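K.L.:
Here you go, this is protein31.txt (compact mmCIF, N, CA and C atoms).
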```txt
# COMPACT_ATOMS: atom_id res chain seq x y z
N MET R 1 58.87 -141.72 10.97
CA MET R 1 59.61 -140.59 11.49
C MET R 1 60.61 -140.12 10.44
N THR R 2 60.64 -138.85 10.16
CA THR R 2 61.55 -138.32 9.16
C THR R 2 62.83 -137.84 9.84
N PRO R 3 63.96 -138.04 9.16
CA PRO R 3 65.21 -137.59 9.77
C PRO R 3 65.29 -136.06 9.80
N GLN R 4 65.91 -135.56 10.81
CA GLN R 4 66.04 -134.12 10.96
C GLN R 4 67.07 -133.60 9.98
N MET R 5 66.75 -132.52 9.33
CA MET R 5 67.68 -131.92 8.38
C MET R 5 68.71 -131.10 9.14
N SER R 6 69.93 -131.12 8.66
CA SER R 6 70.97 -130.34 9.31
C SER R 6 70.82 -128.87 8.94
N LEU R 7 71.25 -128.02 9.83
CA LEU R 7 71.22 -126.59 9.56
C LEU R 7 72.32 -126.23 8.58
N ALA R 8 72.00 -125.39 7.67
CA ALA R 8 72.99 -124.94 6.71
C ALA R 8 73.20 -123.44 6.92
N TYR R 9 74.38 -123.09 7.37
CA TYR R 9 74.69 -121.68 7.58
C TYR R 9 75.22 -121.10 6.28
N SER R 10 75.02 -119.83 6.10
CA SER R 10 75.48 -119.18 4.87
C SER R 10 77.01 -119.14 4.85
N PRO R 11 77.59 -119.15 3.66
CA PRO R 11 79.05 -119.06 3.57
C PRO R 11 79.60 -117.79 4.23
N SER R 12 78.85 -116.69 4.16
CA SER R 12 79.35 -115.46 4.78
C SER R 12 79.42 -115.61 6.30
N TYR R 13 78.48 -116.35 6.89
CA TYR R 13 78.51 -116.56 8.33
C TYR R 13 79.65 -117.50 8.72
N THR R 14 79.73 -118.66 8.06
CA THR R 14 80.77 -119.62 8.43
C THR R 14 82.16 -119.07 8.14
N GLY R 15 82.29 -118.37 7.01
CA GLY R 15 83.58 -117.75 6.70
C GLY R 15 83.94 -116.66 7.70
N GLY R 16 82.95 -115.89 8.11
CA GLY R 16 83.19 -114.84 9.11
C GLY R 16 83.61 -115.40 10.45
N GLU R 17 82.96 -116.47 10.87
CA GLU R 17 83.33 -117.11 12.14
C GLU R 17 84.73 -117.70 12.07
N SER R 18 85.04 -118.32 10.94
CA SER R 18 86.38 -118.88 10.76
C SER R 18 87.43 -117.78 10.79
N TRP R 19 87.13 -116.64 10.15
CA TRP R 19 88.06 -115.52 10.14
C TRP R 19 88.26 -114.97 11.55
N LYS R 20 87.20 -114.89 12.34
CA LYS R 20 87.34 -114.41 13.72
C LYS R 20 88.30 -115.29 14.51
N ASN R 21 88.18 -116.59 14.33
CA ASN R 21 89.08 -117.52 15.02
C ASN R 21 90.51 -117.38 14.52
N GLU R 22 90.66 -117.25 13.21
CA GLU R 22 92.01 -117.08 12.66
C GLU R 22 92.63 -115.76 13.12
N LEU R 23 91.84 -114.71 13.12
CA LEU R 23 92.35 -113.41 13.55
C LEU R 23 92.76 -113.44 15.02
N GLU R 24 92.03 -114.16 15.84
CA GLU R 24 92.40 -114.28 17.25
C GLU R 24 93.73 -115.01 17.39
N ALA R 25 93.94 -116.05 16.59
CA ALA R 25 95.22 -116.76 16.61
C ALA R 25 96.35 -115.86 16.10
N ILE R 26 96.06 -115.05 15.10
CA ILE R 26 97.05 -114.11 14.57
C ILE R 26 97.41 -113.07 15.62
N ARG R 27 96.40 -112.56 16.33
CA ARG R 27 96.67 -111.59 17.40
C ARG R 27 97.60 -112.19 18.46
N SER R 28 97.34 -113.43 18.82
CA SER R 28 98.20 -114.10 19.81
C SER R 28 99.62 -114.21 19.31
N ALA R 29 99.77 -114.55 18.04
CA ALA R 29 101.11 -114.70 17.46
C ALA R 29 101.84 -113.36 17.42
N VAL R 30 101.13 -112.30 17.05
CA VAL R 30 101.75 -110.97 17.02
C VAL R 30 102.16 -110.56 18.43
N HIS R 31 101.31 -110.82 19.40
CA HIS R 31 101.64 -110.51 20.78
C HIS R 31 102.88 -111.29 21.23
N TYR R 32 102.95 -112.56 20.84
CA TYR R 32 104.09 -113.41 21.22
C TYR R 32 105.39 -112.92 20.57
N LEU R 33 105.33 -112.59 19.29
CA LEU R 33 106.54 -112.15 18.58
C LEU R 33 106.90 -110.71 18.88
N GLY R 34 105.92 -109.91 19.22
CA GLY R 34 106.14 -108.49 19.49
C GLY R 34 105.71 -107.65 18.31
N LEU R 35 104.92 -106.62 18.61
CA LEU R 35 104.38 -105.75 17.56
C LEU R 35 105.50 -105.08 16.76
N LYS R 36 106.55 -104.67 17.45
CA LYS R 36 107.64 -103.98 16.78
C LYS R 36 108.33 -104.88 15.75
N GLU R 37 108.61 -106.14 16.13
CA GLU R 37 109.28 -107.06 15.22
C GLU R 37 108.39 -107.42 14.03
N VAL R 38 107.10 -107.63 14.32
CA VAL R 38 106.16 -107.99 13.24
C VAL R 38 106.00 -106.82 12.27
N SER R 39 105.82 -105.62 12.79
CA SER R 39 105.65 -104.47 11.90
C SER R 39 106.91 -104.22 11.08
N PHE R 40 108.09 -104.47 11.67
CA PHE R 40 109.34 -104.33 10.91
C PHE R 40 109.38 -105.35 9.77
N ALA R 41 109.03 -106.60 10.06
CA ALA R 41 109.05 -107.65 9.04
C ALA R 41 108.03 -107.37 7.94
N LEU R 42 106.90 -106.78 8.30
CA LEU R 42 105.86 -106.47 7.32
C LEU R 42 106.13 -105.17 6.58
N ASP R 43 107.08 -104.40 7.07
CA ASP R 43 107.44 -103.10 6.50
C ASP R 43 106.26 -102.14 6.52
N VAL R 44 105.55 -102.13 7.65
CA VAL R 44 104.47 -101.18 7.88
C VAL R 44 104.61 -100.65 9.30
N SER R 45 103.89 -99.61 9.60
CA SER R 45 103.99 -99.04 10.96
C SER R 45 103.29 -99.95 11.97
N GLY R 46 103.71 -99.82 13.21
CA GLY R 46 103.09 -100.58 14.28
C GLY R 46 101.62 -100.23 14.43
N SER R 47 101.29 -98.96 14.23
CA SER R 47 99.87 -98.56 14.35
C SER R 47 99.03 -99.17 13.23
N ALA R 48 99.63 -99.33 12.05
CA ALA R 48 98.89 -99.96 10.94
C ALA R 48 98.60 -101.42 11.27
N VAL R 49 99.58 -102.12 11.85
CA VAL R 49 99.37 -103.51 12.25
C VAL R 49 98.31 -103.59 13.35
N SER R 50 98.43 -102.71 14.33
CA SER R 50 97.47 -102.70 15.43
C SER R 50 96.06 -102.40 14.94
N ASP R 51 95.93 -101.40 14.06
CA ASP R 51 94.61 -101.07 13.50
C ASP R 51 94.06 -102.24 12.70
N ALA R 52 94.91 -102.92 11.93
CA ALA R 52 94.46 -104.05 11.13
C ALA R 52 94.02 -105.22 12.02
N LEU R 53 94.77 -105.47 13.10
CA LEU R 53 94.41 -106.56 14.01
C LEU R 53 93.08 -106.31 14.69
N ASN R 54 92.76 -105.04 14.92
CA ASN R 54 91.51 -104.69 15.59
C ASN R 54 90.45 -104.21 14.61
N GLU R 55 90.78 -104.27 13.32
CA GLU R 55 89.88 -103.89 12.23
C GLU R 55 89.28 -102.51 12.45
N ARG R 56 90.18 -101.56 12.78
CA ARG R 56 89.78 -100.18 13.02
C ARG R 56 89.99 -99.35 11.76
N ASP R 57 89.20 -98.31 11.61
CA ASP R 57 89.36 -97.33 10.53
C ASP R 57 89.49 -97.98 9.16
N ARG R 58 88.66 -98.96 8.90
CA ARG R 58 88.64 -99.67 7.62
C ARG R 58 89.96 -100.35 7.28
N LYS R 59 90.76 -100.61 8.28
CA LYS R 59 92.03 -101.31 8.05
C LYS R 59 91.78 -102.79 8.26
N ARG R 60 92.36 -103.61 7.39
CA ARG R 60 92.17 -105.05 7.45
C ARG R 60 93.53 -105.74 7.40
N TRP R 61 93.61 -106.89 8.01
CA TRP R 61 94.82 -107.70 7.99
C TRP R 61 94.99 -108.24 6.58
N ALA R 62 96.15 -108.00 5.98
CA ALA R 62 96.42 -108.46 4.62
C ALA R 62 96.77 -109.95 4.62
N ALA R 63 96.28 -110.66 3.64
CA ALA R 63 96.49 -112.11 3.58
C ALA R 63 97.97 -112.48 3.54
N GLU R 64 98.77 -111.71 2.81
CA GLU R 64 100.20 -112.05 2.72
C GLU R 64 100.92 -111.84 4.05
N TRP R 65 100.37 -111.01 4.91
CA TRP R 65 100.97 -110.79 6.22
C TRP R 65 100.95 -112.08 7.05
N THR R 66 99.91 -112.89 6.85
CA THR R 66 99.82 -114.15 7.59
C THR R 66 100.99 -115.05 7.24
N HIS R 67 101.36 -115.06 5.98
CA HIS R 67 102.48 -115.91 5.56
C HIS R 67 103.80 -115.41 6.14
N VAL R 68 103.96 -114.11 6.21
CA VAL R 68 105.15 -113.53 6.84
C VAL R 68 105.17 -113.89 8.32
N LEU R 69 104.03 -113.77 8.96
CA LEU R 69 103.91 -114.10 10.39
C LEU R 69 104.26 -115.57 10.63
N ILE R 70 103.75 -116.46 9.80
CA ILE R 70 104.05 -117.88 9.94
C ILE R 70 105.53 -118.14 9.73
N ALA R 71 106.14 -117.46 8.77
CA ALA R 71 107.58 -117.62 8.54
C ALA R 71 108.37 -117.16 9.76
N MET R 72 107.91 -116.10 10.40
CA MET R 72 108.57 -115.64 11.62
C MET R 72 108.43 -116.67 12.74
N LEU R 73 107.26 -117.27 12.84
CA LEU R 73 107.05 -118.30 13.86
C LEU R 73 107.90 -119.54 13.58
N VAL R 74 108.02 -119.90 12.32
CA VAL R 74 108.86 -121.05 11.94
C VAL R 74 110.31 -120.77 12.33
N ARG R 75 110.76 -119.56 12.06
CA ARG R 75 112.13 -119.18 12.41
C ARG R 75 112.34 -119.22 13.92
N LYS R 76 111.32 -118.84 14.68
CA LYS R 76 111.41 -118.89 16.15
C LYS R 76 111.62 -120.33 16.60
N GLY R 77 110.83 -121.24 16.04
CA GLY R 77 111.08 -122.66 16.18
C GLY R 77 110.83 -123.32 17.53
N ASP R 78 110.20 -122.65 18.47
CA ASP R 78 109.95 -123.30 19.76
C ASP R 78 108.54 -123.89 19.80
N ASP R 79 108.22 -124.54 20.91
CA ASP R 79 106.93 -125.21 21.03
C ASP R 79 105.76 -124.23 20.98
N ILE R 80 105.93 -123.06 21.57
CA ILE R 80 104.86 -122.07 21.56
C ILE R 80 104.60 -121.59 20.13
N ALA R 81 105.67 -121.32 19.40
CA ALA R 81 105.52 -120.87 18.01
C ALA R 81 104.83 -121.95 17.18
N GLU R 82 105.21 -123.20 17.38
CA GLU R 82 104.57 -124.29 16.63
C GLU R 82 103.09 -124.39 16.96
N SER R 83 102.73 -124.21 18.23
CA SER R 83 101.31 -124.29 18.60
C SER R 83 100.54 -123.11 17.99
N MET R 84 101.18 -121.96 17.84
CA MET R 84 100.51 -120.82 17.23
C MET R 84 100.31 -121.03 15.73
N ILE R 85 101.31 -121.62 15.08
CA ILE R 85 101.15 -121.95 13.65
C ILE R 85 99.98 -122.92 13.49
N LEU R 86 99.94 -123.92 14.35
CA LEU R 86 98.87 -124.91 14.29
C LEU R 86 97.51 -124.25 14.50
N ALA R 87 97.41 -123.31 15.44
CA ALA R 87 96.14 -122.63 15.71
C ALA R 87 95.69 -121.82 14.50
N ILE R 88 96.63 -121.13 13.85
CA ILE R 88 96.29 -120.35 12.65
C ILE R 88 95.80 -121.27 11.55
N GLU R 89 96.52 -122.35 11.31
CA GLU R 89 96.16 -123.26 10.22
C GLU R 89 94.87 -124.01 10.52
N GLN R 90 94.65 -124.39 11.77
CA GLN R 90 93.40 -125.07 12.11
C GLN R 90 92.20 -124.14 11.92
N ALA R 91 92.38 -122.88 12.23
CA ALA R 91 91.29 -121.92 12.00
C ALA R 91 91.00 -121.79 10.50
N ARG R 92 92.03 -121.90 9.68
CA ARG R 92 91.84 -121.80 8.24
C ARG R 92 91.08 -122.98 7.66
N VAL R 93 91.33 -124.16 8.18
CA VAL R 93 90.69 -125.35 7.60
C VAL R 93 89.45 -125.79 8.36
N ALA R 94 89.04 -125.04 9.36
CA ALA R 94 87.91 -125.44 10.20
C ALA R 94 86.62 -125.63 9.40
N ILE R 95 86.43 -124.88 8.35
CA ILE R 95 85.17 -124.97 7.59
C ILE R 95 85.32 -125.86 6.36
N THR R 96 86.44 -126.52 6.22
CA THR R 96 86.66 -127.43 5.10
C THR R 96 86.55 -128.87 5.58
N PRO R 97 86.53 -129.81 4.66
CA PRO R 97 86.50 -131.22 5.08
C PRO R 97 87.88 -131.75 5.47
N PHE R 98 88.90 -130.92 5.44
CA PHE R 98 90.26 -131.35 5.71
C PHE R 98 90.59 -131.30 7.20
N VAL R 99 91.56 -132.10 7.60
CA VAL R 99 91.99 -132.18 8.98
C VAL R 99 93.51 -132.07 9.01
N ILE R 100 94.03 -131.31 9.95
CA ILE R 100 95.48 -131.21 10.11
C ILE R 100 95.89 -132.26 11.12
N GLU R 101 96.85 -133.09 10.74
CA GLU R 101 97.34 -134.14 11.63
C GLU R 101 98.82 -133.95 11.86
N GLU R 102 99.28 -134.45 12.98
CA GLU R 102 100.70 -134.45 13.27
C GLU R 102 101.40 -135.44 12.32
N ARG R 103 102.62 -135.14 11.97
CA ARG R 103 103.38 -136.08 11.15
C ARG R 103 103.64 -137.34 11.94
N LYS R 104 103.48 -138.45 11.27
CA LYS R 104 103.72 -139.73 11.92
C LYS R 104 105.06 -140.27 11.45
N ALA R 105 105.82 -140.80 12.37
CA ALA R 105 107.12 -141.38 12.03
C ALA R 105 106.89 -142.66 11.23
N LEU R 106 107.67 -142.81 10.18
CA LEU R 106 107.57 -144.02 9.35
C LEU R 106 108.33 -145.16 10.01
N THR R 107 107.83 -146.36 9.81
CA THR R 107 108.56 -147.53 10.28
C THR R 107 109.76 -147.73 9.36
N PRO R 108 110.77 -148.48 9.78
CA PRO R 108 111.91 -148.72 8.90
C PRO R 108 111.50 -149.36 7.56
N GLU R 109 110.49 -150.22 7.59
CA GLU R 109 110.03 -150.86 6.35
C GLU R 109 109.37 -149.83 5.42
N GLN R 110 108.56 -148.94 5.99
CA GLN R 110 107.92 -147.90 5.18
C GLN R 110 108.96 -146.94 4.61
N LEU R 111 109.96 -146.64 5.41
CA LEU R 111 111.02 -145.74 4.98
C LEU R 111 111.82 -146.36 3.83
N ALA R 112 112.16 -147.65 3.97
CA ALA R 112 112.90 -148.34 2.91
C ALA R 112 112.09 -148.39 1.62
N ALA R 113 110.79 -148.67 1.73
CA ALA R 113 109.93 -148.72 0.55
C ALA R 113 109.84 -147.34 -0.12
N ALA R 114 109.76 -146.30 0.68
CA ALA R 114 109.69 -144.94 0.13
C ALA R 114 110.98 -144.57 -0.58
N TYR R 115 112.13 -144.91 0.03
CA TYR R 115 113.41 -144.65 -0.63
C TYR R 115 113.50 -145.40 -1.95
N GLU R 116 113.07 -146.64 -1.96
CA GLU R 116 113.13 -147.44 -3.19
C GLU R 116 112.24 -146.84 -4.27
N ARG R 117 111.03 -146.39 -3.89
CA ARG R 117 110.13 -145.75 -4.86
C ARG R 117 110.78 -144.50 -5.46
N GLU R 118 111.41 -143.70 -4.60
CA GLU R 118 112.06 -142.48 -5.08
C GLU R 118 113.22 -142.81 -6.01
N LEU R 119 114.00 -143.82 -5.65
CA LEU R 119 115.13 -144.21 -6.50
C LEU R 119 114.63 -144.72 -7.84
N ARG R 120 113.57 -145.51 -7.85
CA ARG R 120 113.02 -146.02 -9.11
C ARG R 120 112.54 -144.88 -10.00
N SER R 121 112.06 -143.80 -9.41
CA SER R 121 111.57 -142.67 -10.20
C SER R 121 112.71 -141.94 -10.92
N LEU R 122 113.96 -142.21 -10.52
CA LEU R 122 115.12 -141.58 -11.17
C LEU R 122 115.56 -142.31 -12.43
N GLY R 123 114.89 -143.40 -12.76
CA GLY R 123 115.22 -144.14 -13.98
C GLY R 123 116.40 -145.05 -13.78
N GLN R 124 117.29 -145.09 -14.78
CA GLN R 124 118.43 -146.02 -14.76
C GLN R 124 119.38 -145.74 -13.60
N VAL R 125 119.57 -144.50 -13.27
CA VAL R 125 120.47 -144.15 -12.16
C VAL R 125 119.94 -144.73 -10.86
N GLY R 126 118.67 -144.58 -10.64
CA GLY R 126 118.05 -145.12 -9.44
C GLY R 126 118.05 -146.63 -9.42
N GLU R 127 117.76 -147.24 -10.56
CA GLU R 127 117.78 -148.71 -10.65
C GLU R 127 119.18 -149.24 -10.35
N GLY R 128 120.18 -148.53 -10.86
CA GLY R 128 121.58 -148.94 -10.59
C GLY R 128 121.91 -148.86 -9.11
N ALA R 129 121.43 -147.82 -8.44
CA ALA R 129 121.67 -147.67 -7.01
C ALA R 129 121.00 -148.79 -6.23
N ILE R 130 119.78 -149.13 -6.63
CA ILE R 130 119.07 -150.22 -5.96
C ILE R 130 119.82 -151.53 -6.15
N ALA R 131 120.29 -151.78 -7.38
CA ALA R 131 121.03 -153.02 -7.67
C ALA R 131 122.31 -153.09 -6.83
N ARG R 132 123.02 -151.96 -6.69
CA ARG R 132 124.25 -151.95 -5.88
C ARG R 132 123.95 -152.26 -4.42
N VAL R 133 122.87 -151.73 -3.91
CA VAL R 133 122.49 -152.01 -2.52
C VAL R 133 122.16 -153.48 -2.35
N HIS R 134 121.41 -154.05 -3.29
CA HIS R 134 121.05 -155.46 -3.19
C HIS R 134 122.27 -156.36 -3.31
N ARG R 135 123.22 -156.01 -4.17
CA ARG R 135 124.47 -156.80 -4.29
C ARG R 135 125.26 -156.73 -2.98
N GLY R 136 125.29 -155.57 -2.36
CA GLY R 136 126.01 -155.41 -1.10
C GLY R 136 125.36 -156.16 0.04
N ALA R 137 124.05 -156.33 -0.03
CA ALA R 137 123.32 -157.04 1.04
C ALA R 137 123.58 -158.54 1.00
N ARG R 138 124.01 -159.08 -0.18
CA ARG R 138 124.22 -160.52 -0.30
C ARG R 138 125.54 -160.96 0.29
N ARG R 139 126.44 -160.05 0.52
CA ARG R 139 127.78 -160.41 0.99
C ARG R 139 127.77 -160.94 2.37
```
As structure tokens, how would this structure be written, given the file I've shared?
P.N.:
Amino acid sequence: MTPQMSLAYSPSYTGGESWKNELEAIRSAVHYLGLKEVSFALDVSGSAVSDALNERDRKRWAAEWTHVLIAMLVRKGDDIAESMILAIEQARVAITPFVIEERKALTPEQLAAAYERELRSLGQVGEGAIARVHRGARR
């Protein structure tokens, strides 16, 4: 019995599907933030943003607009904004081998080791700081 070969979709298809998902997440974010605020931040008219979101009249969403939109969501800083950022970024990496994971809290031991590594990278100044900490711990 021969193993079944996996289907290979063309890059234009997979990229197009990924873009559709990203654009849907972008639309949600614009709706959440408000068309007026987003168009003001992008320094374009509201109709230009609306046309670009709906890909009307040969208007397309500009790549740099996504970064502005994400910055606006970061500034908003609530749970909904964070979930929208995550949706946009997950749509971007969906066709790559990468995975977006939540940040994991470091244990105190991992944190101490990381601080020590960073201090050692500073050369003599860092080594001196480490030595002072160790001398203080012996007291």
K.L.:
Closest to R:Ile95 among R:Tyr13, R:Ser121, R:Lys76, R:Gln110, using only C-alpha atoms?
P.N.:
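Of all the options, R:Tyr13 lies closest to R:Ile95.
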K.L.:
How far is it from atom C of R:Asp78 to atom N of R:Glu22, in Å with one decimal?
P.N.:
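Distance between the two atoms: 20.2 Å.
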K.L.:
Using atom CA of R:Gln90 and atom CA of R:Glu64 as the two end points, give the distance in Å to one decimal.
P.N.:
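For atom CA of R:Gln90 relative to atom CA of R:Glu64, the distance reads 17.4 Å.
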K.L.:
Please tell me which residues are no farther than 10 Å from (84.9, -122.7, 13.2) in the file, counting only C-alpha atoms, and write them as a PDB file with N, CA and C atoms, in the frame of the given file.
P.N.:
```
ATOM      1  N   THR R  14      79.730-118.660   8.060  1.00  0.00           N
ATOM      2  CA  THR R  14      80.770-119.620   8.430  1.00  0.00           C
ATOM      3  C   THR R  14      82.160-119.070   8.140  1.00  0.00           C
ATOM      4  N   GLY R  15      82.290-118.370   7.010  1.00  0.00           N
ATOM      5  CA  GLY R  15      83.580-117.750   6.700  1.00  0.00           C
ATOM      6  C   GLY R  15      83.940-116.660   7.700  1.00  0.00           C
ATOM      7  N   GLY R  16      82.950-115.890   8.110  1.00  0.00           N
ATOM      8  CA  GLY R  16      83.190-114.840   9.110  1.00  0.00           C
ATOM      9  C   GLY R  16      83.610-115.400  10.450  1.00  0.00           C
ATOM     10  N   GLU R  17      82.960-116.470  10.870  1.00  0.00           N
ATOM     11  CA  GLU R  17      83.330-117.110  12.140  1.00  0.00           C
ATOM     12  C   GLU R  17      84.730-117.700  12.070  1.00  0.00           C
ATOM     13  N   SER R  18      85.040-118.320  10.940  1.00  0.00           N
ATOM     14  CA  SER R  18      86.380-118.880  10.760  1.00  0.00           C
ATOM     15  C   SER R  18      87.430-117.780  10.790  1.00  0.00           C
ATOM     16  N   TRP R  19      87.130-116.640  10.150  1.00  0.00           N
ATOM     17  CA  TRP R  19      88.060-115.520  10.140  1.00  0.00           C
ATOM     18  C   TRP R  19      88.260-114.970  11.550  1.00  0.00           C
ATOM     19  N   LYS R  20      87.200-114.890  12.340  1.00  0.00           N
ATOM     20  CA  LYS R  20      87.340-114.410  13.720  1.00  0.00           C
ATOM     21  C   LYS R  20      88.300-115.290  14.510  1.00  0.00           C
ATOM     22  N   ASN R  21      88.180-116.590  14.330  1.00  0.00           N
ATOM     23  CA  ASN R  21      89.080-117.520  15.020  1.00  0.00           C
ATOM     24  C   ASN R  21      90.510-117.380  14.520  1.00  0.00           C
ATOM     25  N   GLU R  22      90.660-117.250  13.210  1.00  0.00           N
ATOM     26  CA  GLU R  22      92.010-117.080  12.660  1.00  0.00           C
ATOM     27  C   GLU R  22      92.630-115.760  13.120  1.00  0.00           C
ATOM     28  N   GLN R  90      94.650-124.390  11.770  1.00  0.00           N
ATOM     29  CA  GLN R  90      93.400-125.070  12.110  1.00  0.00           C
ATOM     30  C   GLN R  90      92.200-124.140  11.920  1.00  0.00           C
ATOM     31  N   ALA R  91      92.380-122.880  12.230  1.00  0.00           N
ATOM     32  CA  ALA R  91      91.290-121.920  12.000  1.00  0.00           C
ATOM     33  C   ALA R  91      91.000-121.790  10.500  1.00  0.00           C
ATOM     34  N   ARG R  92      92.030-121.900   9.680  1.00  0.00           N
ATOM     35  CA  ARG R  92      91.840-121.800   8.240  1.00  0.00           C
ATOM     36  C   ARG R  92      91.080-122.980   7.660  1.00  0.00           C
ATOM     37  N   VAL R  93      91.330-124.160   8.180  1.00  0.00           N
ATOM     38  CA  VAL R  93      90.690-125.350   7.600  1.00  0.00           C
ATOM     39  C   VAL R  93      89.450-125.790   8.360  1.00  0.00           C
ATOM     40  N   ALA R  94      89.040-125.040   9.360  1.00  0.00           N
ATOM     41  CA  ALA R  94      87.910-125.440  10.200  1.00  0.00           C
ATOM     42  C   ALA R  94      86.620-125.630   9.400  1.00  0.00           C
ATOM     43  N   ILE R  95      86.430-124.880   8.350  1.00  0.00           N
ATOM     44  CA  ILE R  95      85.170-124.970   7.590  1.00  0.00           C
ATOM     45  C   ILE R  95      85.320-125.860   6.360  1.00  0.00           C
ATOM     46  N   THR R  96      86.440-126.520   6.220  1.00  0.00           N
ATOM     47  CA  THR R  96      86.660-127.430   5.100  1.00  0.00           C
ATOM     48  C   THR R  96      86.550-128.870   5.580  1.00  0.00           C
TER      49      THR R  96
END
```
K.L.:
DSSP on the backbone: which residues in stretch 1-109 of chain R end up as helix (DSSP H, G or I)? Give the answer as number ranges by chain.
P.N.:
R: 11-33, 35-42, 46-53, 63-76, 79-93, 108-109
K.L.:
To one decimal place, how far is atom CA of R:Tyr32 from atom CA of R:Asp57 in Å?
P.N.:
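It comes out at 24.3 Å.
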K.L.:
Tell me which protein, DNA and RNA residues are within 6.5 Å of R:Ile70, counting only N, CA and C atoms, leaving out same-chain ones fewer than 5 positions away, and put them as a list of chain:residue names.
P.N.:
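Close residues of R:Ile70: R:Trp65, R:Arg75, R:Ile85.
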K.L.:
For those residues, write N, CA and C atoms to a file as a PDB file, keeping the file's coordinate frame.
P.N.:
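Contents of selection21.pdb, freshly written:
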```pdb
ATOM      1  N   TRP R  65     100.370-111.010   4.910  1.00  0.00           N
ATOM      2  CA  TRP R  65     100.970-110.790   6.220  1.00  0.00           C
ATOM      3  C   TRP R  65     100.950-112.080   7.050  1.00  0.00           C
ATOM      4  N   ARG R  75     110.760-119.560  12.060  1.00  0.00           N
ATOM      5  CA  ARG R  75     112.130-119.180  12.410  1.00  0.00           C
ATOM      6  C   ARG R  75     112.340-119.220  13.920  1.00  0.00           C
ATOM      7  N   ILE R  85     101.310-121.620  15.080  1.00  0.00           N
ATOM      8  CA  ILE R  85     101.150-121.950  13.650  1.00  0.00           C
ATOM      9  C   ILE R  85      99.980-122.920  13.490  1.00  0.00           C
TER      10      ILE R  85
END
```
K.L.:
Would you pick out the contacts of R:Phe40 at 12 Å or less, using only C-alpha atoms, so that residues sharing its chain but fewer than 3 positions from it are not included, and give the list as an MDAnalysis selection string?
P.N.:
chainID R and resid 30 33:37 43:49 65 68:69 72
K.L.:
How big is the axis-aligned box, and where does its centre sit, when it encloses all atoms of stretch 14-22 of chain R listed in the file and has 3 Å added on every side, reported in Å to one decimal as JSON?
P.N.:
```
{"center_x": 86.2, "center_y": -117.0, "center_z": 10.9, "size_x": 18.9, "size_y": 11.2, "size_z": 14.3}
```
